[in-house]
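Report on the structure given below.
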Amino acid sequence: MGNRLQLLGTGGSTGIPVVGCKCAVCKSDDPANKRLRSGAIFRIGNKNILVDAGPDIRQQSLKYDIDHVDAILLTHYHEDHIGGLDDLRGFFYNQGKKPIPVYLSENTYEMVAIRFGYLLERFTFIKLNDHMGKFDLFGERFSYCAYEQGSVPVLGFRVGKAAYLTDIKYYQEQIFLFLEGVESLVVSALNFEGSHMHFSIDESVAFGKKAGAKNTYLIHMNHQVEAKKVTRSLTEGVSLAMDGMEIDV
């Protein structure tokens with residue numbers, strides 16, 4: 001099997017169902033309405049490159065048979081994207097106590113150092129501080145681009161013709177140079193209303209169209225998104241991503 005991107009979770013910061021919520025989506029029996037918090041893994045040959053480590057990473061690792069992690073890409077420092085870093089200790093020990101490379105921005109590093117100072121020796125940190133850049137990892141050329149979620153800086157990642165952009169709201173037009181030629185775009189879409197921190201579904205669809213993506217996959221959705229109903233409203237080439245989905249890279 002060739003290189004691929006697997007989505008480990010496609011829900012928003014609370015996941016779906018939301019704890020304590022009795023809404024129709026949270027009470028739904030439809031598996032399409034069950035979403036762990038957003039995260040992904042690039043499977044490059046026999047190498048596993050994790051994108052974010054939210055609070056569900058232990059469950060995701062067990063569910064999707066992740067038995068080793070060779071590198072980690074962190075998009076930003078919000079809890080739903082780094083809160084599970086402690087659960088990666090098992091990989092460190094099982095891999096001969098060799099520090100795991102982590103690619104991240106300076107802002108994210110500073111928060112990781114505060115929150116998880118006791119874990120720092122288990123990782124090797126590579127800081128990505130340019131607005132756009134590239135790096136080689138296990139024989140593949142990765143690229144990244146910075147944008148913002150409110151005032152929080154976020155990194156999007158790309159390898160081959162697949163790109164992963166979570167928690168996007170504000171960006172510079174240069175992002176479309178980063179996305180030039182992309183075929184599979186994974187992008188966050190909170191709900192139909194959006195917010196000051198997240199694209200709405202319509203904004204994400206328009207963004208994918210402007211980027212020229214052949215396929216746009218929506219992630220990071222909250223419990224206002226009922227899968228079957230929203231799917232019927234989407235245009236060709238746009239779909240709600242599902243937990244466990246795999247995309248060719």
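By order of appearance in the structure tokens: chains A, B, ..., then residues from 1 within every chain, and ligands from 1 in the order shown.
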
May I have the residues within 12 Å of segment 27-33 of chain A as a PyMOL selection string, using only C-alpha atoms and disregarding those fewer than 2 positions away in the same chain?
chain A and resi 9-12+15-25+35-36+221-231+240-245

For Lys214 of chain A: contacts at 7 Å, only C-alpha atoms, fewer than 3 positions along chain excluded, given as a list in words:
Glu183, Ser184 and Gly237 of chain A

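In terms of minimum interatomic distance to Gly90 of chain A, A:Arg58 ranks closest within A:Tyr118, A:Arg58, A:Leu104, A:Ile247, counting only C-alpha atoms.
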
Could you name the residues that touch Val152 of chain A at 9 Å or less, counting only C-alpha atoms, but leaving out those on the same chain fewer than 6 positions away, as a short mmCIF file (atom, residue, chain, number, x, y, z; two decimals) with N, CA, C and O atoms, in the first residue's frame?
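The result, written out as part_30.cif:
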```
data_model
loop_
_atom_site.label_atom_id
_atom_site.label_comp_id
_atom_site.auth_asym_id
_atom_site.auth_seq_id
_atom_site.Cartn_x
_atom_site.Cartn_y
_atom_site.Cartn_z
N HIS A 76 -0.69 23.37 16.62
CA HIS A 76 -0.73 24.51 17.54
C HIS A 76 -0.94 23.98 18.96
O HIS A 76 -1.00 22.77 19.18
N TYR A 77 -1.05 24.90 19.91
CA TYR A 77 -0.93 24.50 21.31
C TYR A 77 -2.25 24.36 22.06
O TYR A 77 -2.26 24.20 23.28
N HIS A 78 -3.36 24.37 21.40
CA HIS A 78 -4.62 24.20 22.11
C HIS A 78 -4.74 22.79 22.67
O HIS A 78 -4.20 21.82 22.11
N ASN A 107 5.89 29.18 19.26
CA ASN A 107 4.78 29.39 20.18
C ASN A 107 4.30 28.09 20.80
O ASN A 107 4.04 28.00 22.00
#
```

DSSP on the backbone, alpha helix (DSSP H) only: what residues of segment 110-209 of chain A does that give? Format it as a PyMOL selection string.
chain A and resi 110-115+175-178+201-209

With a distance cut-off of 12 Å and only C-alpha atoms, select the neighbouring residues of Val154 of chain A, excluding the residue or stretch itself and same-chain residues fewer than 4 positions from it, and output the selection as a PyMOL selection string.
chain A and resi 52+73-78+81+104-108+128-132+144-150+164-171+197-198

Restricting it to C-alpha atoms, dump the selection as an mmCIF file, in the first residue's frame.
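Generated file (again-v1.cif):
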```
data_model
loop_
_atom_site.group_PDB
_atom_site.id
_atom_site.type_symbol
_atom_site.label_atom_id
_atom_site.label_comp_id
_atom_site.auth_asym_id
_atom_site.auth_seq_id
_atom_site.Cartn_x
_atom_site.Cartn_y
_atom_site.Cartn_z
ATOM 1 C CA ASP A 52 -1.247 16.379 16.805
ATOM 2 C CA LEU A 73 3.834 17.329 13.671
ATOM 3 C CA LEU A 74 2.065 19.760 16.021
ATOM 4 C CA THR A 75 -0.282 22.286 14.462
ATOM 5 C CA HIS A 76 -0.734 24.507 17.541
ATOM 6 C CA TYR A 77 -0.927 24.500 21.311
ATOM 7 C CA HIS A 78 -4.624 24.200 22.110
ATOM 8 C CA HIS A 81 -4.236 19.149 19.905
ATOM 9 C CA LEU A 104 6.345 22.683 15.733
ATOM 10 C CA SER A 105 6.352 26.475 15.952
ATOM 11 C CA GLU A 106 8.146 28.457 18.648
ATOM 12 C CA ASN A 107 4.775 29.392 20.185
ATOM 13 C CA THR A 108 3.741 25.769 20.461
ATOM 14 C CA LEU A 128 9.370 25.772 12.167
ATOM 15 C CA ASN A 129 9.322 29.537 12.465
ATOM 16 C CA ASP A 130 9.078 30.753 8.868
ATOM 17 C CA HIS A 131 5.722 31.634 7.337
ATOM 18 C CA MET A 132 6.215 28.843 4.830
ATOM 19 C CA TYR A 144 4.186 23.785 6.027
ATOM 20 C CA CYS A 145 2.373 27.104 6.064
ATOM 21 C CA ALA A 146 1.341 29.330 8.964
ATOM 22 C CA TYR A 147 -2.097 30.880 9.448
ATOM 23 C CA GLU A 148 -4.195 31.919 12.448
ATOM 24 C CA GLN A 149 -7.087 30.742 14.575
ATOM 25 C CA GLY A 150 -8.144 33.997 16.161
ATOM 26 C CA TYR A 164 -3.998 19.018 6.317
ATOM 27 C CA LEU A 165 -5.262 22.371 7.646
ATOM 28 C CA THR A 166 -7.064 22.341 10.973
ATOM 29 C CA ASP A 167 -8.379 25.258 13.051
ATOM 30 C CA ILE A 168 -8.110 27.800 10.245
ATOM 31 C CA LYS A 169 -9.817 31.186 10.270
ATOM 32 C CA TYR A 170 -7.420 33.896 9.068
ATOM 33 C CA TYR A 171 -4.715 33.497 6.453
ATOM 34 C CA MET A 197 -12.089 31.049 15.621
ATOM 35 C CA HIS A 198 -13.238 28.651 12.891
#
```

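As for atom CA of Gly133 of chain A and atom CA of Gly156 of chain A, they are spaced 10.8 Å apart.
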
Any chance you could list, as an MDAnalysis selection string, the residues in segment 68-216 of chain A that come up strand (DSSP E) when DSSP is run on the backbone?
chainID A and resid 71:73 100:104 123:127 132:137 140:149 152:159 162:165 184:188 215:216

My list of candidates is A:Leu85, A:Ile126, A:Ile72, A:Ile49. Which is closest to Glu140 of chain A when distances are computed with only C-alpha atoms?
A:Ile49

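Minimum atom-to-atom distances from A:Phe192, A:Tyr217, A:Phe116, A:Phe207 to Arg89 of chain A were compared using only C-alpha atoms, and the lowest value belongs to A:Phe116.
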
Per-residue nearest contacts of segment 123-188 of chain A to segment 95-99 of chain A (10 Å; only C-alpha atoms) as a tab-separated table:
```
residue	atom	partner	partner_atom	distance
A:Phe123	CA	A:Pro99	CA	4.4
A:Thr124	CA	A:Pro99	CA	5.7
A:Phe125	CA	A:Pro99	CA	9.3
```

As a PyMOL selection string, please: the residues near Gly45 of chain A (cut-off 7 Å, only C-alpha atoms, same-chain neighbours under 2 positions excluded).
chain A and resi 2-3+43+47

May I have the selected residues written with N, CA, C and O atoms, as a short mmCIF file (atom, residue, chain, number, x, y, z; two decimals), in the first residue's frame?
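Saved to out_22.cif:
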```cif
data_model
loop_
_atom_site.label_atom_id
_atom_site.label_comp_id
_atom_site.auth_asym_id
_atom_site.auth_seq_id
_atom_site.Cartn_x
_atom_site.Cartn_y
_atom_site.Cartn_z
N GLY A 2 0.49 2.27 -0.77
CA GLY A 2 1.28 3.47 -0.88
C GLY A 2 1.13 4.38 0.32
O GLY A 2 0.41 4.09 1.28
N ASN A 3 1.81 5.51 0.26
CA ASN A 3 1.73 6.49 1.34
C ASN A 3 0.29 6.98 1.48
O ASN A 3 -0.42 7.20 0.49
N ARG A 43 1.11 7.89 7.08
CA ARG A 43 1.77 6.59 7.04
C ARG A 43 2.63 6.57 5.78
O ARG A 43 2.13 6.39 4.66
N LYS A 47 6.78 4.09 8.24
CA LYS A 47 6.96 5.15 9.21
C LYS A 47 5.62 5.79 9.55
O LYS A 47 4.79 6.03 8.66
#
```

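Take atom CA of Gln60 of chain A and atom CA of Gly39 of chain A: the distance between them is 9.0 Å.
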
I'd like the contact shell of Leu50 of chain A - 12 Å cut-off, only C-alpha atoms, skipping same-chain residues fewer than 3 positions apart - returned as a ChimeraX atom specification.
/A:5-8,38-44,47,53-54,57,60-61,66-75,81-82,84-85,88,91,100-103,157,164

Contacts of Gly194 of chain A at 10 Å or less, counting only C-alpha atoms, minus same-chain residues fewer than 4 places along, as JSON, numbers by chain?
{"A": [169, 189, 190, 198, 199, 200, 201, 202, 203, 204, 221]}
